file my_file-v4.pdb (PDB, C-alpha atoms)
ATOM      1  CA  MET A   1      60.625 -16.430 -13.829
ATOM      2  CA  THR A   2      59.546 -18.030 -10.578
ATOM      3  CA  GLN A   3      55.867 -18.212  -9.640
ATOM      4  CA  ARG A   4      56.460 -15.648  -6.865
ATOM      5  CA  LEU A   5      58.114 -13.154  -9.237
ATOM      6  CA  LEU A   6      55.333 -13.697 -11.792
ATOM      7  CA  LEU A   7      52.689 -12.862  -9.170
ATOM      8  CA  ILE A   8      54.597  -9.702  -8.155
ATOM      9  CA  ALA A   9      54.823  -8.592 -11.794
ATOM     10  CA  CYS A  10      51.104  -9.176 -12.360
ATOM     11  CA  PHE A  11      50.200  -7.257  -9.211
ATOM     12  CA  THR A  12      52.445  -4.339 -10.221
ATOM     13  CA  SER A  13      50.882  -4.169 -13.690
ATOM     14  CA  LEU A  14      47.360  -4.296 -12.294
ATOM     15  CA  SER A  15      48.157  -1.561  -9.772
ATOM     16  CA  ALA A  16      49.566   0.697 -12.488
ATOM     17  CA  LEU A  17      46.494   0.113 -14.680
ATOM     18  CA  THR A  18      44.141   0.928 -11.805
ATOM     19  CA  GLN A  19      45.975   4.173 -11.054
ATOM     20  CA  ALA A  20      45.866   5.146 -14.723
ATOM     21  CA  GLN A  21      42.080   4.774 -14.703
ATOM     22  CA  GLN A  22      41.584   7.117 -11.731
ATOM     23  CA  PRO A  23      40.275  10.626 -12.559
ATOM     24  CA  ASN A  24      42.883  13.349 -12.783
ATOM     25  CA  ARG A  25      41.918  15.715  -9.972
ATOM     26  CA  ALA A  26      44.927  17.961 -10.501
ATOM     27  CA  GLY A  27      43.626  19.548 -13.724
ATOM     28  CA  GLY A  28      40.358  20.317 -15.504
ATOM     29  CA  ASP A  29      37.425  22.519 -14.557
ATOM     30  CA  PRO A  30      35.308  21.232 -11.605
ATOM     31  CA  LYS A  31      32.450  23.543 -12.677
ATOM     32  CA  LEU A  32      31.787  21.272 -15.656
ATOM     33  CA  SER A  33      30.120  18.791 -13.275
ATOM     34  CA  GLU A  34      28.094  21.362 -11.283
ATOM     35  CA  TYR A  35      24.637  22.752 -11.993
ATOM     36  CA  TYR A  36      22.312  25.226 -10.292
ATOM     37  CA  ASP A  37      19.065  24.787 -12.231
ATOM     38  CA  PRO A  38      16.568  23.634 -11.293
ATOM     39  CA  ALA A  39      17.020  25.072  -7.826
ATOM     40  CA  ILE A  40      16.042  22.845  -4.903
ATOM     41  CA  ARG A  41      12.614  23.700  -3.476
ATOM     42  CA  VAL A  42      12.684  24.848   0.147
ATOM     43  CA  VAL A  43      10.438  23.022   2.632
ATOM     44  CA  ALA A  44      10.447  24.062   6.278
ATOM     45  CA  PRO A  45      10.697  20.946   8.455
ATOM     46  CA  GLY A  46       8.727  20.404  11.639
ATOM     47  CA  LYS A  47      10.301  21.322  14.960
ATOM     48  CA  THR A  48      10.671  17.612  15.719
ATOM     49  CA  ALA A  49      10.798  14.531  13.507
ATOM     50  CA  ALA A  50       7.140  13.851  14.328
ATOM     51  CA  ASP A  51       5.887  17.328  13.388
ATOM     52  CA  ALA A  52       4.438  17.866   9.931
ATOM     53  CA  PRO A  53       6.703  19.713   7.475
ATOM     54  CA  ALA A  54       5.363  22.811   5.747
ATOM     55  CA  ASP A  55       4.231  21.006   2.585
ATOM     56  CA  ALA A  56       2.421  18.135   4.325
ATOM     57  CA  VAL A  57      -1.310  17.467   4.258
ATOM     58  CA  VAL A  58      -2.422  17.114   7.882
ATOM     59  CA  LEU A  59      -4.942  14.271   8.040
ATOM     60  CA  PHE A  60      -5.517  14.359  11.797
ATOM     61  CA  ASN A  61      -4.234  16.934  14.294
ATOM     62  CA  GLY A  62      -5.862  15.548  17.427
ATOM     63  CA  THR A  63      -9.250  17.245  17.139
ATOM     64  CA  ASP A  64     -10.275  17.648  13.496
ATOM     65  CA  ALA A  65     -11.294  14.407  11.775
ATOM     66  CA  SER A  66     -12.907  16.149   8.789
ATOM     67  CA  ALA A  67     -10.353  14.604   6.388
ATOM     68  CA  TRP A  68     -11.919  11.185   7.090
ATOM     69  CA  GLU A  69     -15.193   9.453   6.313
ATOM     70  CA  SER A  70     -16.852   6.113   6.940
ATOM     71  CA  LYS A  71     -16.788   3.505   4.195
ATOM     72  CA  ASP A  72     -20.364   4.463   3.269
ATOM     73  CA  GLY A  73     -19.272   8.083   2.826
ATOM     74  CA  GLY A  74     -20.827   9.454   6.009
ATOM     75  CA  PRO A  75     -19.143  10.917   9.108
ATOM     76  CA  ILE A  76     -16.812   8.610  11.015
ATOM     77  CA  LYS A  77     -18.220   6.812  14.051
ATOM     78  CA  TRP A  78     -14.919   6.350  15.853
ATOM     79  CA  LYS A  79     -14.251   8.265  19.082
ATOM     80  CA  VAL A  80     -12.372  11.541  18.692
ATOM     81  CA  GLU A  81     -11.185  12.594  22.127
ATOM     82  CA  ASN A  82      -8.028  13.287  24.130
ATOM     83  CA  GLY A  83      -6.088  14.034  20.965
ATOM     84  CA  ALA A  84      -6.764  10.694  19.302
ATOM     85  CA  MET A  85      -9.141   8.808  17.016
ATOM     86  CA  THR A  86     -10.055   5.459  18.547
ATOM     87  CA  VAL A  87     -11.736   2.487  16.916
ATOM     88  CA  VAL A  88     -15.296   1.809  18.056
ATOM     89  CA  SER A  89     -15.848  -1.880  17.443
ATOM     90  CA  GLY A  90     -18.385  -2.621  14.738
ATOM     91  CA  THR A  91     -18.449   0.855  13.222
ATOM     92  CA  GLY A  92     -16.244  -0.196  10.310
ATOM     93  CA  ILE A  93     -13.191   1.158   8.570
ATOM     94  CA  ILE A  94     -12.560   4.837   8.013
ATOM     95  CA  ARG A  95     -10.871   6.298   4.952
ATOM     96  CA  THR A  96      -9.470   9.592   3.763
ATOM     97  CA  LYS A  97     -11.729  11.704   1.593
ATOM     98  CA  GLN A  98      -8.713  12.467  -0.582
ATOM     99  CA  GLY A  99      -6.876   9.886  -2.668
ATOM    100  CA  PHE A 100      -3.111   9.401  -2.549
ATOM    101  CA  GLY A 101      -0.495   7.508  -4.539
ATOM    102  CA  ASP A 102       3.261   7.899  -4.021
ATOM    103  CA  CYS A 103       3.691   9.399  -0.578
ATOM    104  CA  GLN A 104       5.540   9.886   2.671
ATOM    105  CA  LEU A 105       3.170   9.066   5.532
ATOM    106  CA  HIS A 106       3.647   9.652   9.261
ATOM    107  CA  ILE A 107       1.167   8.033  11.620
ATOM    108  CA  GLU A 108       1.164   7.314  15.342
ATOM    109  CA  TRP A 109      -0.836   4.510  16.948
ATOM    110  CA  ARG A 110      -1.485   2.923  20.316
ATOM    111  CA  THR A 111      -2.886  -0.449  21.333
ATOM    112  CA  PRO A 112      -4.923  -0.734  24.563
ATOM    113  CA  ALA A 113      -3.008  -0.592  27.843
ATOM    114  CA  GLU A 114      -5.212  -3.363  29.203
ATOM    115  CA  VAL A 115      -4.133  -6.518  27.416
ATOM    116  CA  LYS A 116      -6.975  -8.736  26.242
ATOM    117  CA  GLY A 117      -6.587 -11.745  24.007
ATOM    118  CA  ASP A 118      -3.451 -12.950  22.287
ATOM    119  CA  GLY A 119      -2.015 -13.366  18.817
ATOM    120  CA  GLN A 120      -4.089 -11.593  16.202
ATOM    121  CA  GLY A 121      -6.791 -10.829  18.784
ATOM    122  CA  ARG A 122      -4.613  -8.381  20.687
ATOM    123  CA  GLY A 123      -4.597  -4.716  19.636
ATOM    124  CA  ASN A 124      -5.285  -5.471  15.981
ATOM    125  CA  SER A 125      -5.850  -2.839  13.302
ATOM    126  CA  GLY A 126      -4.209  -1.947  10.002
ATOM    127  CA  ILE A 127      -3.212   0.865   7.667
ATOM    128  CA  PHE A 128      -4.228   0.217   4.060
ATOM    129  CA  LEU A 129      -2.229   2.236   1.536
ATOM    130  CA  MET A 130      -4.499   2.997  -1.432
ATOM    131  CA  GLY A 131      -7.124   0.998   0.454
ATOM    132  CA  LYS A 132      -5.448  -2.235  -0.662
ATOM    133  CA  TYR A 133      -1.961  -2.770   0.763
ATOM    134  CA  GLU A 134      -2.021  -3.382   4.523
ATOM    135  CA  LEU A 135       0.715  -2.388   6.943
ATOM    136  CA  GLN A 136      -0.216  -4.336  10.059
ATOM    137  CA  VAL A 137      -0.941  -2.664  13.383
ATOM    138  CA  LEU A 138      -0.815  -5.092  16.307
ATOM    139  CA  ASP A 139       0.293  -5.346  19.913
ATOM    140  CA  SER A 140       3.406  -7.397  19.158
ATOM    141  CA  TYR A 141       5.094  -6.828  22.509
ATOM    142  CA  ASN A 142       5.711 -10.302  23.957
ATOM    143  CA  ASN A 143       2.852 -11.575  21.809
ATOM    144  CA  LYS A 144       3.506 -14.589  19.601
ATOM    145  CA  THR A 145       1.814 -14.730  16.204
ATOM    146  CA  TYR A 146       2.815 -15.561  12.639
ATOM    147  CA  SER A 147       5.817 -13.535  11.463
ATOM    148  CA  ASN A 148       4.077 -11.991   8.439
ATOM    149  CA  GLY A 149       1.181 -10.883  10.619
ATOM    150  CA  GLN A 150       2.907  -9.005  13.421
ATOM    151  CA  ALA A 151       3.358  -5.252  13.724
ATOM    152  CA  GLY A 152       5.465  -3.841  10.909
ATOM    153  CA  SER A 153       4.554  -6.580   8.453
ATOM    154  CA  ILE A 154       2.892  -6.156   5.099
ATOM    155  CA  TYR A 155       0.086  -8.421   6.189
ATOM    156  CA  LYS A 156       0.357 -12.042   5.016
ATOM    157  CA  GLU A 157       3.224 -11.001   2.705
ATOM    158  CA  LEU A 158       6.389  -9.449   4.146
ATOM    159  CA  PRO A 159       7.522  -9.905   7.756
ATOM    160  CA  PRO A 160       9.351  -6.993   9.392
ATOM    161  CA  LEU A 161      13.130  -7.110   9.613
ATOM    162  CA  VAL A 162      12.875  -6.825  13.409
ATOM    163  CA  ASN A 163      10.227  -6.456  16.096
ATOM    164  CA  ALA A 164      10.525  -2.822  17.261
ATOM    165  CA  SER A 165       7.302  -2.779  19.287
ATOM    166  CA  ARG A 166       6.746  -0.745  22.409
ATOM    167  CA  GLY A 167       4.574  -2.045  25.225
ATOM    168  CA  PRO A 168       0.754  -1.996  25.396
ATOM    169  CA  GLY A 169      -0.666   1.490  25.897
ATOM    170  CA  GLU A 170       2.464   3.271  24.598
ATOM    171  CA  TRP A 171       2.359   5.466  21.524
ATOM    172  CA  GLN A 172       4.221   4.085  18.531
ATOM    173  CA  THR A 173       5.148   5.582  15.168
ATOM    174  CA  TYR A 174       5.279   4.478  11.570
ATOM    175  CA  ASP A 175       7.158   6.548   9.013
ATOM    176  CA  ILE A 176       6.351   5.193   5.579
ATOM    177  CA  ILE A 177       7.655   5.807   2.067
ATOM    178  CA  PHE A 178       5.246   4.284  -0.437
ATOM    179  CA  THR A 179       5.525   3.997  -4.200
ATOM    180  CA  ALA A 180       2.259   3.136  -5.929
ATOM    181  CA  PRO A 181       2.063   0.339  -8.493
ATOM    182  CA  VAL A 182       1.845   1.180 -12.179
ATOM    183  CA  PHE A 183      -0.398  -0.722 -14.573
ATOM    184  CA  TYR A 184      -0.456  -1.172 -18.324
ATOM    185  CA  PRO A 185      -3.770  -0.301 -20.054
ATOM    186  CA  ASP A 186      -4.749  -4.000 -20.130
ATOM    187  CA  GLY A 187      -4.433  -4.194 -16.321
ATOM    188  CA  THR A 188      -1.174  -6.110 -16.131
ATOM    189  CA  VAL A 189       1.454  -4.806 -13.728
ATOM    190  CA  LYS A 190       4.167  -2.579 -15.150
ATOM    191  CA  SER A 191       5.817  -2.027 -11.753
ATOM    192  CA  GLN A 192       4.889  -3.313  -8.305
ATOM    193  CA  ALA A 193       4.174  -1.143  -5.294
ATOM    194  CA  ARG A 194       7.184  -0.608  -3.037
ATOM    195  CA  ILE A 195       7.395   0.324   0.620
ATOM    196  CA  THR A 196       9.899   1.428   3.238
ATOM    197  CA  VAL A 197       8.806   1.549   6.887
ATOM    198  CA  LEU A 198      10.472   2.780  10.057
ATOM    199  CA  HIS A 199       8.744   1.529  13.203
ATOM    200  CA  ASN A 200       9.628   3.691  16.199
ATOM    201  CA  GLY A 201      12.619   4.915  14.191
ATOM    202  CA  VAL A 202      13.813   1.389  13.361
ATOM    203  CA  LEU A 203      13.898   0.171   9.753
ATOM    204  CA  VAL A 204      11.511  -2.774   9.377
ATOM    205  CA  GLN A 205      10.728  -2.710   5.612
ATOM    206  CA  ASN A 206      13.567  -1.696   3.287
ATOM    207  CA  ASN A 207      12.220  -0.633  -0.133
ATOM    208  CA  MET A 208      10.355  -3.915  -0.465
ATOM    209  CA  SER A 209       8.194  -4.949  -3.419
ATOM    210  CA  ILE A 210       4.597  -5.642  -2.397
ATOM    211  CA  TRP A 211       3.159  -8.803  -3.946
ATOM    212  CA  GLY A 212      -0.341  -7.410  -4.470
ATOM    213  CA  SER A 213      -3.532  -6.396  -2.682
ATOM    214  CA  THR A 214      -3.708  -7.840   0.819
ATOM    215  CA  GLN A 215      -5.668 -11.088   1.109
ATOM    216  CA  TYR A 216      -6.718 -12.788   4.350
ATOM    217  CA  ILE A 217      -7.083 -16.121   2.549
ATOM    218  CA  GLY A 218      -4.943 -16.992  -0.442
ATOM    219  CA  ILE A 219      -2.118 -15.235  -2.220
ATOM    220  CA  ALA A 220      -1.908 -11.474  -2.698
ATOM    221  CA  ASN A 221      -2.670 -10.291  -6.212
ATOM    222  CA  TYR A 222      -2.913  -7.059  -8.164
ATOM    223  CA  GLU A 223      -6.081  -5.619  -9.631
ATOM    224  CA  LYS A 224      -5.819  -2.461 -11.698
ATOM    225  CA  HIS A 225      -6.892   0.708  -9.884
ATOM    226  CA  SER A 226      -6.472   4.448 -10.236
ATOM    227  CA  ASP A 227      -3.261   6.356  -9.550
ATOM    228  CA  LYS A 228      -4.671   7.779  -6.317
ATOM    229  CA  GLU A 229      -6.872   5.994  -3.774
ATOM    230  CA  PRO A 230      -7.923   6.730  -0.163
ATOM    231  CA  ILE A 231      -5.947   5.505   2.819
ATOM    232  CA  GLN A 232      -7.990   3.251   5.110
ATOM    233  CA  LEU A 233      -7.704   2.516   8.831
ATOM    234  CA  GLN A 234      -9.138  -0.813   9.926
ATOM    235  CA  ASP A 235     -11.762  -1.623  12.537
ATOM    236  CA  HIS A 236     -10.710  -5.098  13.689
ATOM    237  CA  GLY A 237     -12.763  -4.975  16.870
ATOM    238  CA  ASN A 238     -10.008  -3.672  19.167
ATOM    239  CA  PRO A 239      -9.937  -0.070  20.534
ATOM    240  CA  VAL A 240      -6.732   0.969  18.780
ATOM    241  CA  SER A 241      -6.031   4.707  18.697
ATOM    242  CA  TYR A 242      -4.382   6.952  16.089
ATOM    243  CA  ARG A 243      -3.008  10.481  16.257
ATOM    244  CA  ASN A 244      -0.673  12.932  14.492
ATOM    245  CA  ILE A 245      -1.301  11.743  10.938
ATOM    246  CA  TRP A 246       0.243  13.666   8.064
ATOM    247  CA  ILE A 247       1.203  12.893   4.504
ATOM    248  CA  ARG A 248       3.397  14.334   1.769
ATOM    249  CA  PRO A 249       2.336  13.355  -1.758
ATOM    250  CA  LEU A 250       5.480  12.622  -3.762
TER     251      LEU A 250
END
call {"tool": "encode", "arguments": {"input": "my_file-v4.pdb", "output": "structure tokens"}}
result
Amino acid sequence: MTQRLLLIACFTSLSALTQAQQPNRAGGDPKLSEYYDPAIRVVAPGKTAADAPADAVVLFNGTDASAWESKDGGPIKWKVENGAMTVVSGTGIIRTKQGFGDCQLHIEWRTPAEVKGDGQGRGNSGIFLMGKYELQVLDSYNNKTYSNGQAGSIYKELPPLVNASRGPGEWQTYDIIFTAPVFYPDGTVKSQARITVLHNGVLVQNNMSIWGSTQYIGIANYEKHSDKEPIQLQDHGNPVSYRNIWIRPL
């Protein structure tokens, strides 16, 4: 048998074997692979993608900041006006009174329209999931800085896939899916935190493993903490604003 005929015979045999392995859709009962219980829970979505769905916890609706507190536990000292919460330099971080773990988080933010400074000094703030894992907020529109420190990065760890930033003074959105880390009783990590982020509707973090708690100097590391911790918003000295914040615990 020539080499060409041998190849044809092998291909024919392989094709016949592949067809034999395909499921027989002509017979059998399709109901055997269907189930109705448990029924899928109904959740009414918002009228737009930015609106909170029916089962969300609204953390800030433009006027009511009662879900937040200062780091010392007192009322927040940020400005609440014109539908937004805005950083007042030197007043410190704010955090949710309630703790969260696995979640879907929607948050909108805006850097100042008047550009001052450059790099990390321009429209800098941050969203700390569980108070420890920072998703960077920064004016990254035509603003050069280190890749793992620009908007959409997990600060000093994971750079965003792309720069999807809008210009200074424009409202921007983060839609976040966060999976909390799990620890063994001795404090070692059973599973790392994971995060997916859409920045202005563009995927910038795709189910990425977070290395550990955010560190400004040195390498990120994990320290055991509870299953639910407050979300923090950073005062980095720039008047960054936030609005329309809601969360769905998962």
call {"tool": "residues_around", "arguments": {"input": "my_file-v4.pdb", "residues": "region 120-122 of chain A", "least_positions_apart": "2", "cutoff": "12 Å", "atoms": "only C-alpha atoms", "output": "ChimeraX atom specification"}}
result
/A:110-118,124-126,136-151,155,168-169,236-240
call {"tool": "atom_distance", "arguments": {"input": "my_file-v4.pdb", "atom1": "CA of Ala65 (chain A)", "atom2": "CA of Ala50 (chain A)"}}
result
18.6 Å
call {"tool": "atom_distance", "arguments": {"input": "my_file-v4.pdb", "atom1": "CA of Glu81 (chain A)", "atom2": "CA of Tyr242 (chain A)"}}
result
10.7 Å
call {"tool": "closest_residue", "arguments": {"input": "my_file-v4.pdb", "among": "A:Ile40, A:Ala52, A:Ile76, A:Ile107", "to": "Leu198 (chain A)", "atoms": "all atoms listed in the file"}}
result
A:Ile107
call {"tool": "resolve_selection", "arguments": {"input": "my_file-v4.pdb", "expression": "the PyMOL selection byres ((chain A and resi 197) around 7)", "output": "MDAnalysis selection string"}}
result
chainID A and resid 174:177 195:196 198:199 203:206
call {"tool": "atom_distance", "arguments": {"input": "my_file-v4.pdb", "atom1": "CA of Asn200 (chain A)", "atom2": "CA of Trp171 (chain A)"}}
result
9.2 Å
call {"tool": "axis_aligned_box", "arguments": {"input": "my_file-v4.pdb", "around": "region 94-111 of chain A", "padding_each_side": "8 Å", "output": "lines of an AutoDock Vina configuration file"}}
result
center_x = -3.5
center_y = 6.0
center_z = 8.4
size_x = 34.1
size_y = 28.9
size_z = 41.9
call {"tool": "closest_residue", "arguments": {"input": "my_file-v4.pdb", "among": "A:Lys224, A:Lys47, A:Ile94, A:Leu135", "to": "Tyr184 (chain A)", "atoms": "only C-alpha atoms"}}
result
A:Lys224
call {"tool": "decode", "arguments": {"input": "my_file-v4.pdb", "residues": "region 130-168 of chain A", "atoms": "N, CA and C atoms", "output": "tab-separated table (two decimals), in the first residue's frame"}}
result
chain	number	residue	atom	x	y	z
A	130	MET	N	-12.78	44.14	50.80
A	130	MET	CA	-12.48	43.59	52.12
A	130	MET	C	-11.45	44.44	52.87
A	131	GLY	N	-11.31	45.69	52.45
A	131	GLY	CA	-10.37	46.59	53.10
A	131	GLY	C	-8.92	46.26	52.84
A	132	LYS	N	-8.63	45.33	51.90
A	132	LYS	CA	-7.27	44.84	51.74
A	132	LYS	C	-6.78	44.73	50.31
A	133	TYR	N	-7.69	44.58	49.35
A	133	TYR	CA	-7.30	44.29	47.98
A	133	TYR	C	-7.73	45.46	47.11
A	134	GLU	N	-6.74	46.27	46.65
A	134	GLU	CA	-7.05	47.56	46.04
A	134	GLU	C	-7.21	47.49	44.53
A	135	LEU	N	-8.37	47.93	44.06
A	135	LEU	CA	-8.60	48.22	42.65
A	135	LEU	C	-8.32	49.71	42.47
A	136	GLN	N	-7.33	50.03	41.67
A	136	GLN	CA	-6.86	51.41	41.57
A	136	GLN	C	-7.85	52.32	40.86
A	137	VAL	N	-8.01	53.51	41.41
A	137	VAL	CA	-8.74	54.60	40.77
A	137	VAL	C	-7.72	55.69	40.49
A	138	LEU	N	-7.65	56.12	39.23
A	138	LEU	CA	-6.64	57.10	38.82
A	138	LEU	C	-7.08	57.75	37.52
A	139	ASP	N	-6.70	59.01	37.33
A	139	ASP	CA	-6.87	59.63	36.03
A	139	ASP	C	-5.76	59.09	35.11
A	140	SER	N	-6.12	58.08	34.34
A	140	SER	CA	-5.15	57.43	33.44
A	140	SER	C	-5.34	57.83	31.99
A	141	TYR	N	-6.02	58.94	31.77
A	141	TYR	CA	-6.24	59.44	30.41
A	141	TYR	C	-5.03	60.27	29.99
A	142	ASN	N	-4.25	59.76	29.05
A	142	ASN	CA	-3.02	60.44	28.62
A	142	ASN	C	-2.14	60.80	29.82
A	143	ASN	N	-1.97	59.85	30.72
A	143	ASN	CA	-1.21	60.08	31.94
A	143	ASN	C	-0.31	58.87	32.18
A	144	LYS	N	0.97	59.04	31.94
A	144	LYS	CA	1.90	57.91	32.03
A	144	LYS	C	2.25	57.61	33.49
A	145	THR	N	2.14	56.34	33.86
A	145	THR	CA	2.58	55.86	35.16
A	145	THR	C	2.88	54.39	35.01
A	146	TYR	N	3.29	53.72	36.09
A	146	TYR	CA	3.62	52.31	35.98
A	146	TYR	C	2.35	51.51	35.67
A	147	SER	N	2.51	50.46	34.86
A	147	SER	CA	1.36	49.72	34.33
A	147	SER	C	0.50	49.11	35.41
A	148	ASN	N	1.12	48.61	36.49
A	148	ASN	CA	0.34	47.98	37.56
A	148	ASN	C	-0.07	48.99	38.62
A	149	GLY	N	-0.13	50.27	38.20
A	149	GLY	CA	-0.61	51.31	39.10
A	149	GLY	C	-1.63	52.22	38.45
A	150	GLN	N	-1.99	51.94	37.19
A	150	GLN	CA	-2.95	52.80	36.51
A	150	GLN	C	-4.37	52.33	36.80
A	151	ALA	N	-5.34	53.10	36.34
A	151	ALA	CA	-6.74	52.75	36.55
A	151	ALA	C	-7.01	51.34	36.02
A	152	GLY	N	-7.79	50.58	36.79
A	152	GLY	CA	-8.12	49.22	36.39
A	152	GLY	C	-7.14	48.17	36.86
A	153	SER	N	-6.04	48.60	37.46
A	153	SER	CA	-5.07	47.64	37.98
A	153	SER	C	-5.46	47.18	39.38
A	154	ILE	N	-5.01	45.99	39.75
A	154	ILE	CA	-4.96	45.60	41.15
A	154	ILE	C	-3.62	46.13	41.61
A	155	TYR	N	-3.65	47.15	42.43
A	155	TYR	CA	-2.49	48.02	42.64
A	155	TYR	C	-1.23	47.25	43.02
A	156	LYS	N	-0.16	47.54	42.27
A	156	LYS	CA	1.17	46.95	42.44
A	156	LYS	C	1.18	45.44	42.21
A	157	GLU	N	0.08	44.91	41.61
A	157	GLU	CA	0.02	43.47	41.33
A	157	GLU	C	-0.31	43.22	39.86
A	158	LEU	N	-1.54	43.48	39.46
A	158	LEU	CA	-2.04	43.06	38.15
A	158	LEU	C	-2.39	44.27	37.30
A	159	PRO	N	-1.70	44.49	36.19
A	159	PRO	CA	-2.07	45.59	35.30
A	159	PRO	C	-3.38	45.26	34.58
A	160	PRO	N	-4.11	46.27	34.14
A	160	PRO	CA	-5.33	46.00	33.37
A	160	PRO	C	-4.97	45.47	31.98
A	161	LEU	N	-5.91	44.76	31.38
A	161	LEU	CA	-5.69	44.25	30.02
A	161	LEU	C	-5.57	45.40	29.03
A	162	VAL	N	-6.35	46.45	29.24
A	162	VAL	CA	-6.31	47.64	28.37
A	162	VAL	C	-6.57	48.87	29.24
A	163	ASN	N	-6.28	50.02	28.69
A	163	ASN	CA	-6.61	51.29	29.33
A	163	ASN	C	-7.93	51.79	28.74
A	164	ALA	N	-9.01	51.69	29.52
A	164	ALA	CA	-10.35	52.07	29.05
A	164	ALA	C	-10.81	53.39	29.66
A	165	SER	N	-9.87	54.24	30.03
A	165	SER	CA	-10.19	55.46	30.77
A	165	SER	C	-10.89	56.51	29.92
A	166	ARG	N	-11.86	57.17	30.55
A	166	ARG	CA	-12.44	58.38	29.99
A	166	ARG	C	-11.62	59.58	30.47
A	167	GLY	N	-11.93	60.75	29.91
A	167	GLY	CA	-11.16	61.94	30.22
A	167	GLY	C	-11.43	62.50	31.60
A	168	PRO	N	-10.58	63.40	32.08
A	168	PRO	CA	-10.76	64.04	33.39
A	168	PRO	C	-12.14	64.69	33.49
